[in-house]
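Coordinates from start-v4.csv are shown below (CSV, C-alpha atoms).
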chain,number,residue,atom,x,y,z
R,1383,MET,CA,-96.9,-111.7,-70.2
R,1384,GLN,CA,-98.8,-113.4,-73.0
R,1385,PRO,CA,-97.8,-114.5,-76.5
R,1386,ILE,CA,-97.7,-111.5,-78.9
R,1387,ASN,CA,-100.9,-110.6,-80.7
R,1388,VAL,CA,-99.7,-108.5,-83.6
R,1389,GLU,CA,-102.8,-106.4,-83.9
R,1390,GLU,CA,-103.0,-105.5,-80.2
R,1391,VAL,CA,-99.2,-104.7,-80.0
R,1392,GLN,CA,-99.5,-102.6,-83.2
R,1393,HIS,CA,-102.4,-100.7,-81.6
R,1394,ALA,CA,-100.4,-100.2,-78.4
R,1395,LEU,CA,-97.3,-99.0,-80.3
R,1396,ASN,CA,-99.4,-96.4,-82.1
R,1397,ARG,CA,-100.4,-94.9,-78.8
R,1398,PHE,CA,-96.8,-94.1,-78.0
R,1399,ALA,CA,-96.0,-92.4,-81.3
R,1400,ASN,CA,-95.3,-88.7,-81.7
R,1401,GLN,CA,-94.6,-87.9,-78.0
R,1402,ASP,CA,-91.6,-88.1,-75.7
R,1403,VAL,CA,-91.4,-91.6,-74.3
R,1404,TYR,CA,-88.9,-93.6,-72.2
R,1405,LEU,CA,-87.3,-96.6,-73.7
R,1406,HIS,CA,-85.8,-99.7,-72.1
R,1407,LEU,CA,-84.0,-101.8,-74.7
R,1408,GLU,CA,-81.8,-104.8,-73.9
R,1409,THR,CA,-80.3,-107.9,-75.4
R,1410,THR,CA,-78.4,-110.4,-73.4
R,1411,ASN,CA,-77.1,-113.9,-73.5
R,1412,GLY,CA,-76.2,-113.9,-69.8
R,1413,ALA,CA,-73.0,-113.3,-67.9
R,1414,TYR,CA,-72.3,-117.0,-67.8
R,1415,ALA,CA,-72.5,-117.8,-71.5
R,1416,SER,CA,-68.8,-117.8,-72.1
R,1417,HIS,CA,-68.2,-119.6,-68.7
R,1418,HIS,CA,-70.5,-122.5,-69.7
R,1419,ASN,CA,-69.3,-122.6,-73.3
R,1420,GLU,CA,-65.8,-121.3,-73.9
R,1421,GLY,CA,-66.4,-121.0,-77.6
R,1422,PHE,CA,-69.3,-118.7,-77.1
R,1423,PHE,CA,-68.7,-115.0,-77.7
R,1424,SER,CA,-70.8,-113.1,-75.1
R,1425,ALA,CA,-72.3,-109.8,-76.1
R,1426,GLY,CA,-75.2,-107.7,-74.9
R,1427,ALA,CA,-76.3,-104.1,-74.5
R,1428,TYR,CA,-79.0,-102.2,-72.7
R,1429,ILE,CA,-80.3,-98.7,-72.4
R,1430,ARG,CA,-82.7,-97.8,-69.6
R,1431,ASN,CA,-84.8,-94.6,-69.7
R,1432,GLY,CA,-83.5,-93.4,-73.0
R,1433,ARG,CA,-85.9,-90.6,-73.9
R,1434,ILE,CA,-87.1,-90.9,-77.5
R,1435,ARG,CA,-89.8,-89.7,-79.9
R,1436,PHE,CA,-90.9,-91.9,-82.8
R,1437,SER,CA,-93.2,-91.0,-85.7
R,1438,ARG,CA,-93.8,-94.6,-86.7
R,1439,GLY,CA,-93.7,-97.9,-84.8
R,1440,LYS,CA,-94.3,-101.2,-86.5
R,1441,ILE,CA,-94.3,-104.9,-85.5
R,1442,VAL,CA,-93.7,-107.5,-88.2
R,1443,GLY,CA,-92.8,-111.1,-88.6
R,1444,GLU,CA,-94.5,-114.5,-88.2
R,1445,GLY,CA,-93.1,-115.0,-84.6
R,1446,PRO,CA,-90.7,-114.4,-83.1
R,1447,TYR,CA,-91.5,-110.8,-84.1
R,1448,ARG,CA,-89.5,-107.7,-84.9
R,1449,VAL,CA,-90.3,-104.1,-83.9
R,1450,GLY,CA,-88.9,-101.0,-85.5
R,1451,LEU,CA,-89.4,-97.4,-84.2
R,1452,LYS,CA,-88.6,-94.6,-86.7
R,1453,LEU,CA,-87.0,-91.6,-84.9
R,1454,ASP,CA,-86.5,-88.2,-86.4
R,1455,LEU,CA,-82.8,-89.0,-87.0
R,1456,GLY,CA,-82.6,-92.8,-86.6
R,1457,TRP,CA,-84.1,-96.0,-85.6
R,1458,VAL,CA,-84.8,-98.4,-82.7
R,1459,TYR,CA,-84.9,-102.0,-83.6
R,1460,ALA,CA,-85.4,-105.3,-81.7
R,1461,GLU,CA,-85.9,-108.9,-83.0
R,1462,GLY,CA,-86.8,-112.2,-81.3
R,1463,LEU,CA,-89.8,-110.8,-79.5
R,1464,THR,CA,-92.3,-113.4,-78.3
R,1465,ASP,CA,-94.4,-112.0,-75.4
R,1466,TRP,CA,-96.0,-108.8,-74.4
R,1467,ILE,CA,-98.1,-107.0,-71.7
R,1468,LEU,CA,-99.5,-103.6,-71.3
R,1469,ASN,CA,-99.1,-103.3,-67.5
R,1470,GLU,CA,-101.1,-101.5,-64.9
R,1471,LYS,CA,-98.8,-98.4,-65.3
R,1472,GLY,CA,-99.7,-98.3,-69.0
R,1473,GLN,CA,-96.2,-99.4,-69.9
R,1474,LEU,CA,-95.8,-101.6,-73.0
R,1475,LEU,CA,-93.4,-104.4,-72.3
R,1476,LEU,CA,-92.2,-106.6,-75.1
R,1477,ALA,CA,-89.9,-109.5,-74.4
R,1478,GLY,CA,-88.3,-112.4,-76.3
R,1479,HIS,CA,-87.9,-115.6,-74.3
R,1480,ASP,CA,-85.6,-118.3,-75.6
R,1481,TYR,CA,-86.4,-122.0,-75.8
R,1482,GLU,CA,-85.7,-122.4,-72.1
R,1483,GLY,CA,-87.9,-119.5,-71.2
R,1484,LYS,CA,-85.0,-117.1,-70.4
R,1485,LEU,CA,-85.2,-113.5,-71.4
R,1486,ALA,CA,-83.1,-112.8,-74.5
R,1487,VAL,CA,-84.3,-109.4,-75.6
R,1488,ALA,CA,-86.6,-106.7,-74.2
R,1489,LEU,CA,-88.1,-103.6,-75.7
R,1490,GLN,CA,-90.3,-101.5,-73.4
R,1491,LEU,CA,-92.0,-98.1,-73.7
R,1492,SER,CA,-93.3,-95.9,-70.9
R,1493,ARG,CA,-94.7,-92.3,-70.7
R,1494,GLU,CA,-92.9,-91.9,-67.3
R,1495,PRO,CA,-89.4,-93.0,-66.5
R,1496,PHE,CA,-89.1,-96.7,-65.7
T,917,MET,CA,-67.4,-120.0,-33.2
T,918,GLU,CA,-67.5,-116.7,-35.1
T,919,ARG,CA,-68.6,-113.5,-33.4
T,920,HIS,CA,-70.5,-112.2,-36.3
T,921,ILE,CA,-70.5,-113.0,-40.0
T,922,LEU,CA,-70.9,-110.4,-42.8
T,923,VAL,CA,-71.9,-111.8,-46.2
T,924,VAL,CA,-71.5,-109.4,-49.2
T,925,PHE,CA,-72.8,-110.5,-52.6
T,926,PRO,CA,-74.3,-108.6,-55.5
T,927,HIS,CA,-77.4,-110.7,-56.4
T,928,PRO,CA,-80.2,-112.4,-54.5
T,929,ASP,CA,-79.4,-116.1,-54.9
T,930,ASP,CA,-75.6,-115.6,-54.8
T,931,GLU,CA,-75.8,-116.7,-51.2
T,932,ALA,CA,-77.9,-119.8,-51.9
T,933,PHE,CA,-75.7,-122.0,-54.2
T,934,GLY,CA,-72.2,-121.5,-52.9
T,935,VAL,CA,-72.4,-120.7,-49.2
T,936,SER,CA,-75.9,-121.3,-47.7
T,937,GLY,CA,-74.9,-124.6,-46.2
T,938,THR,CA,-72.0,-122.8,-44.3
T,939,LEU,CA,-74.4,-120.0,-43.2
T,940,ILE,CA,-77.0,-122.5,-42.1
T,941,LEU,CA,-74.4,-124.3,-39.9
T,942,HIS,CA,-73.3,-121.0,-38.4
T,943,ALA,CA,-76.9,-119.8,-37.8
T,944,GLU,CA,-77.8,-123.1,-36.1
T,945,ASN,CA,-74.8,-122.4,-33.8
T,946,GLY,CA,-76.2,-119.1,-32.9
T,947,THR,CA,-73.8,-116.9,-34.9
T,948,PRO,CA,-75.5,-113.7,-36.0
T,949,ILE,CA,-75.3,-113.1,-39.8
T,950,THR,CA,-75.6,-109.8,-41.7
T,951,TYR,CA,-76.2,-110.1,-45.4
T,952,ALA,CA,-75.4,-107.0,-47.5
T,953,CYS,CA,-76.9,-107.6,-51.0
T,954,LEU,CA,-75.9,-105.0,-53.5
T,955,THR,CA,-78.7,-105.3,-56.1
T,956,LEU,CA,-82.1,-106.9,-56.6
T,957,GLY,CA,-80.9,-108.9,-59.6
T,958,GLU,CA,-83.0,-106.6,-61.8
T,959,MET,CA,-81.5,-107.8,-65.0
T,960,GLY,CA,-81.8,-111.5,-64.4
T,961,ARG,CA,-82.7,-113.6,-67.5
T,962,ASN,CA,-84.6,-116.2,-65.6
T,963,MET,CA,-88.2,-115.3,-65.3
T,964,GLY,CA,-89.5,-118.6,-63.9
T,965,LYS,CA,-90.2,-121.8,-65.8
T,966,PRO,CA,-92.7,-121.1,-67.3
T,967,PRO,CA,-92.0,-117.4,-67.1
T,968,PHE,CA,-94.2,-115.6,-64.4
T,969,ALA,CA,-92.0,-112.5,-64.0
T,970,ASN,CA,-91.1,-109.7,-66.4
T,971,ARG,CA,-88.4,-107.1,-66.5
T,972,GLU,CA,-90.4,-104.6,-64.4
T,973,THR,CA,-92.0,-107.1,-61.9
T,974,LEU,CA,-88.7,-109.0,-61.4
T,975,PRO,CA,-87.1,-106.7,-58.7
T,976,LEU,CA,-90.0,-107.0,-56.2
T,977,ILE,CA,-90.4,-110.7,-56.9
T,978,ARG,CA,-86.6,-111.2,-56.2
T,979,LYS,CA,-86.7,-109.1,-53.1
T,980,ASN,CA,-89.5,-111.3,-51.7
T,981,GLU,CA,-87.6,-114.4,-52.7
T,982,LEU,CA,-84.5,-113.1,-51.0
T,983,GLU,CA,-86.3,-112.4,-47.8
T,984,GLU,CA,-87.7,-116.0,-47.9
T,985,ALA,CA,-84.3,-117.4,-48.5
T,986,CYS,CA,-82.9,-115.5,-45.5
T,987,LYS,CA,-85.6,-116.9,-43.3
T,988,VAL,CA,-84.7,-120.4,-44.4
T,989,ILE,CA,-81.0,-119.9,-43.8
T,990,GLY,CA,-81.4,-118.0,-40.5
T,991,ILE,CA,-80.1,-114.6,-41.6
T,992,LYS,CA,-81.9,-112.0,-39.5
T,993,ASP,CA,-80.2,-108.9,-40.7
T,994,LEU,CA,-80.6,-108.3,-44.5
T,995,ARG,CA,-79.3,-105.0,-45.9
T,996,LEU,CA,-80.4,-104.1,-49.5
T,997,LEU,CA,-77.8,-101.6,-50.8
T,998,GLY,CA,-79.9,-100.4,-53.8
T,999,PHE,CA,-77.4,-100.7,-56.6
T,1000,ARG,CA,-78.5,-101.9,-60.0
T,1001,ASP,CA,-77.7,-105.3,-61.4
T,1002,LYS,CA,-74.9,-105.4,-64.0
T,1003,THR,CA,-73.6,-101.9,-63.0
T,1004,ILE,CA,-71.4,-102.5,-60.0
T,1005,GLU,CA,-68.1,-102.4,-62.0
T,1006,PHE,CA,-69.0,-99.0,-63.3
T,1007,GLU,CA,-69.6,-97.4,-59.9
T,1008,ASP,CA,-67.0,-95.4,-58.0
T,1009,GLU,CA,-64.8,-97.9,-56.2
T,1010,GLU,CA,-64.1,-95.7,-53.2
T,1011,MET,CA,-67.8,-95.0,-52.8
T,1012,LEU,CA,-68.5,-98.8,-52.9
T,1013,ALA,CA,-65.8,-99.4,-50.3
T,1014,ASP,CA,-67.3,-96.6,-48.1
T,1015,ARG,CA,-70.7,-98.2,-48.2
T,1016,ILE,CA,-69.3,-101.7,-47.3
T,1017,GLY,CA,-66.8,-100.2,-44.8
T,1018,ALA,CA,-69.7,-98.6,-42.9
T,1019,ILE,CA,-71.4,-101.9,-42.5
T,1020,ILE,CA,-68.1,-103.5,-41.4
T,1021,ALA,CA,-67.6,-100.8,-38.8
T,1022,GLU,CA,-71.2,-101.2,-37.5
T,1023,THR,CA,-71.4,-105.0,-37.4
T,1024,ASN,CA,-67.7,-105.7,-36.4
T,1025,PRO,CA,-67.6,-109.1,-38.1
T,1026,SER,CA,-65.0,-111.7,-37.3
T,1027,LEU,CA,-65.6,-113.3,-40.7
T,1028,ILE,CA,-66.6,-111.8,-44.1
T,1029,ILE,CA,-67.8,-114.0,-46.9
T,1030,THR,CA,-67.7,-112.6,-50.5
T,1031,PHE,CA,-66.5,-113.3,-54.0
T,1032,TYR,CA,-62.8,-113.6,-54.9
T,1033,PRO,CA,-62.1,-110.6,-57.1
T,1034,GLY,CA,-61.0,-111.6,-60.5
T,1035,TYR,CA,-62.0,-115.3,-60.2
T,1036,SER,CA,-65.8,-115.1,-60.0
T,1037,VAL,CA,-67.0,-115.0,-63.6
T,1038,HIS,CA,-69.7,-112.3,-63.4
T,1039,PRO,CA,-68.4,-108.7,-63.5
T,1040,ASP,CA,-70.7,-107.8,-60.6
T,1041,HIS,CA,-69.2,-110.7,-58.5
T,1042,ASP,CA,-65.6,-109.5,-59.2
T,1043,ALA,CA,-66.5,-105.8,-58.5
T,1044,CYS,CA,-68.3,-106.8,-55.3
T,1045,GLY,CA,-65.3,-108.8,-54.0
T,1046,ALA,CA,-62.9,-106.0,-55.0
T,1047,ALA,CA,-65.0,-103.5,-53.0
T,1048,VAL,CA,-65.0,-105.7,-50.0
T,1049,ILE,CA,-61.2,-106.2,-50.1
T,1050,ARG,CA,-60.7,-102.5,-50.6
T,1051,ALA,CA,-62.8,-101.7,-47.6
T,1052,VAL,CA,-61.1,-104.3,-45.4
T,1053,GLU,CA,-57.6,-103.1,-46.6
T,1054,ARG,CA,-58.3,-99.7,-45.1
T,1055,LEU,CA,-58.1,-101.3,-41.6
T,1056,PRO,CA,-54.8,-102.0,-40.0
T,1057,LEU,CA,-53.7,-105.6,-40.5
T,1058,GLU,CA,-54.4,-106.7,-36.9
T,1059,LYS,CA,-57.9,-105.4,-37.0
T,1060,ARG,CA,-58.9,-107.0,-40.3
T,1061,PRO,CA,-61.6,-109.7,-40.1
T,1062,THR,CA,-60.9,-113.0,-41.9
T,1063,VAL,CA,-62.2,-112.9,-45.4
T,1064,HIS,CA,-63.4,-116.2,-47.0
T,1065,CYS,CA,-63.8,-115.9,-50.8
T,1066,VAL,CA,-65.8,-117.9,-53.2
T,1067,ALA,CA,-64.2,-118.5,-56.7
T,1068,PHE,CA,-65.4,-120.5,-59.6
T,1069,SER,CA,-63.7,-119.2,-62.8
T,1070,LYS,CA,-62.2,-121.9,-65.0
T,1071,ASN,CA,-58.7,-120.7,-64.2
T,1072,CYS,CA,-59.1,-120.1,-60.5
T,1073,GLU,CA,-57.3,-123.1,-59.1
T,1074,GLN,CA,-54.5,-122.7,-61.6
T,1075,GLU,CA,-53.9,-119.1,-60.4
T,1076,ILE,CA,-54.9,-119.0,-56.7
T,1077,GLY,CA,-54.4,-122.6,-55.8
T,1078,GLN,CA,-56.7,-125.1,-54.1
T,1079,PRO,CA,-59.4,-123.7,-51.8
T,1080,ASP,CA,-58.1,-123.9,-48.2
T,1081,ILE,CA,-61.5,-124.5,-46.7
T,1082,ILE,CA,-63.6,-127.4,-47.9
T,1083,ARG,CA,-66.8,-127.8,-45.9
T,1084,ASP,CA,-69.2,-130.8,-46.0
T,1085,VAL,CA,-72.7,-129.4,-45.6
T,1086,SER,CA,-74.6,-132.6,-46.4
T,1087,ALA,CA,-76.1,-132.5,-42.8
T,1088,VAL,CA,-78.1,-129.4,-43.8
T,1089,ILE,CA,-78.6,-130.2,-47.5
T,1090,ASP,CA,-82.4,-130.1,-47.2
T,1091,LYS,CA,-82.3,-126.6,-45.8
T,1092,LYS,CA,-79.8,-125.6,-48.4
T,1093,LEU,CA,-82.0,-126.9,-51.2
T,1094,ALA,CA,-84.9,-125.0,-49.6
T,1095,SER,CA,-82.9,-121.8,-49.7
T,1096,ILE,CA,-82.2,-122.3,-53.4
T,1097,LYS,CA,-85.8,-123.1,-54.1
T,1098,ALA,CA,-86.8,-119.9,-52.4
T,1099,HIS,CA,-85.4,-118.1,-55.4
T,1100,ARG,CA,-88.1,-119.6,-57.5
T,1101,SER,CA,-87.9,-117.1,-60.4
T,1102,GLN,CA,-84.2,-117.9,-60.9
T,1103,THR,CA,-84.0,-121.6,-59.9
T,1104,GLU,CA,-87.2,-123.2,-61.0
T,1105,GLY,CA,-85.9,-124.4,-64.4
T,1106,LEU,CA,-82.6,-125.6,-62.8
T,1107,MET,CA,-84.4,-127.6,-60.1
T,1108,GLN,CA,-86.8,-129.1,-62.7
T,1109,GLY,CA,-83.8,-130.2,-64.8
T,1110,ALA,CA,-82.0,-131.7,-61.8
T,1111,ALA,CA,-85.1,-133.5,-60.6
T,1112,LYS,CA,-85.5,-135.0,-64.1
T,1113,ARG,CA,-81.9,-136.2,-64.1
T,1114,GLY,CA,-82.3,-137.6,-60.6
T,1115,GLY,CA,-79.5,-139.6,-59.0
T,1116,ASP,CA,-76.5,-137.4,-58.0
T,1117,ALA,CA,-77.8,-134.1,-59.5
T,1118,PHE,CA,-77.4,-132.3,-56.2
T,1119,THR,CA,-74.1,-133.9,-55.1
T,1120,TRP,CA,-72.1,-130.8,-56.0
T,1121,LEU,CA,-74.2,-128.7,-53.5
T,1122,LYS,CA,-73.1,-130.8,-50.6
T,1123,THR,CA,-69.6,-129.4,-50.4
T,1124,GLU,CA,-68.7,-125.7,-50.2
T,1125,TYR,CA,-65.3,-124.2,-51.0
T,1126,PHE,CA,-63.5,-121.1,-49.8
T,1127,TRP,CA,-60.2,-119.3,-50.3
T,1128,THR,CA,-59.0,-117.3,-47.3
T,1129,TYR,CA,-57.9,-114.0,-48.7
T,1130,LYS,CA,-54.2,-113.3,-48.2
T,1131,TRP,CA,-53.4,-109.7,-47.6
T,1132,GLU,CA,-50.6,-108.2,-49.8
T,1133,LYS,CA,-50.1,-104.9,-48.1
T,1134,ALA,CA,-50.3,-103.8,-44.6
T,1135,ASN,CA,-51.2,-100.2,-43.7

Show the structure stored in the file as structure tokens.
Amino acid sequence: MQPINVEEVQHALNRFANQDVYLHLETTNGAYASHHNEGFFSAGAYIRNGRIRFSRGKIVGEGPYRVGLKLDLGWVYAEGLTDWILNEKGQLLLAGHDYEGKLAVALQLSREPF
Amino acid sequence: MERHILVVFPHPDDEAFGVSGTLILHAENGTPITYACLTLGEMGRNMGKPPFANRETLPLIRKNELEEACKVIGIKDLRLLGFRDKTIEFEDEEMLADRIGAIIAETNPSLIITFYPGYSVHPDHDACGAAVIRAVERLPLEKRPTVHCVAFSKNCEQEIGQPDIIRDVSAVIDKKLASIKAHRSQTEGLMQGAAKRGGDAFTWLKTEYFWTYKWEKAN
């Protein structure tokens, strides 16, 4: 992956708009967060291969970046995004790596199921 | 000497930190080892330091790393069970026990190594250990292999007592470190940190701890 280039990511997002696409969305602080730090409240969520259709997708921020996808009846949102790649399968992978390089958030779009 | 050892863990690298010294010693003695690994650690947060993996390339990278680690340890029979990382606790418990039970029946191990259910921190670890115990409990008491569990939750010694097996693996520490390093995407940052600290950063890896599982009910 490479550091996010807003114009290129915006262009890639546009190419997934107005069609059925598959979404991978996750946030995580790791299964060991509360083990290493008992005061830490561990939380996370992920959805894999959620089928969505958005009319508008936008990346904003100064970095780390935020992405919002406007659905017919709702929204998809992620913050903390730092890196991206459009891989050989044409999937758009966006990830947020923390200060240690660990993945903290991911938002990915694909025309075929992941 | 054990007849055959079956190791059951949910993630590639679970075998490296806590038990690879023990496995290396057994392998060097000629004991055959089967490793049933439930997932490919698809949801790992470590992507290398600096990151060289991403969410979609991670599974294949970790599979290759696991195969390399098995080579280092001397595990010749690796079974990939194809479950997905972070989902083990949501699977059907009987089905999980069936899958593990089939491998037990096939390999007829004298010793099984897994996580202690309830005392192993990660939900996948606990669910994996529980499935192994469930599978072995289906056997009549006299036919059950010995089960050595790994536990590391903060409360484990308070609730299940001291480990009854404490094994010095310092004789094979170099191989053990190589097995950890084989999981490069997951351990690169850790190893860099340890190398920077120097001194006794690896001391904790020279001893391995197990709790022999005590059966509550006989069939």

Would you pick out the contacts of stretch 967-979 of chain T at 7 Å or less, using all atoms listed in the file, so that residues sharing its chain but fewer than 6 positions from it are not included, and give the list as a list in words?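 What passes the distance filter is Gly1483 of chain R; Pro928, Leu956, Gly957 and Glu958 of chain T.
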
Counting all atoms listed in the file, which residues of chain R come no farther than 7 Å from chain T, as a PyMOL selection string? chain R and resi 1412-1414+1417+1483-1485

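Neighbourhood of point (-62.4, -115.4, -39.3): residues with an atom at most 8 Å away, counting only C-alpha atoms, are Glu918, Ser1026, Leu1027, Ile1028, Pro1061, Thr1062, Val1063 and His1064 of chain T.
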
Spatial neighbours of R:Leu1453, 8 Å, all atoms listed in the file, chain gap at least 3 places, as a list in words: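 Here the answer would be Ile1434, Arg1435, Phe1436, Ser1437, Arg1438, Gly1456, Trp1457 and Val1458 of chain R.
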
Name all residues at most 9 Å from R:Leu1395 (count only C-alpha atoms; drop same-chain ones fewer than 6 positions away) and give them as a list of chain:residue names.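 Counting only C-alpha atoms, the residues come to R:Arg1438, R:Gly1439, R:Lys1440, R:Ile1441, R:Leu1451, R:Leu1474, R:Leu1491.
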
Exercise: stretch 1478-1481 of chain R partners within 6 Å, only C-alpha atoms, chain neighbours under 4 positions left out, as an MDAnalysis selection string: chainID R and resid 1462:1464 1485:1487

Selection: 10 Å around R:Glu1494, only C-alpha atoms, excl. self and same-chain fewer than 5 positions, as a ChimeraX atom specification: /R:1402-1405,1431,1433,1471-1473

In Å to one decimal, how far is atom CA of T:Phe1126 from atom CA of T:Cys986?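 Computing the Euclidean distance for atom CA of T:Cys986 and atom CA of T:Phe1126 yields 20.6 Å.
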
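Of note, atom CA of T:Phe999 and atom CA of T:Cys953 are spaced 8.9 Å apart.
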
Kindly indicate which residue among R:Ala1460, R:Ala1399, R:Val1442, R:Ile1429 lies nearest to R:Asn1387, using all atoms listed in the file for the distances.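 Of R:Ala1460, R:Ala1399, R:Val1442, R:Ile1429, the one nearest R:Asn1387 is R:Val1442, counting all atoms listed in the file.
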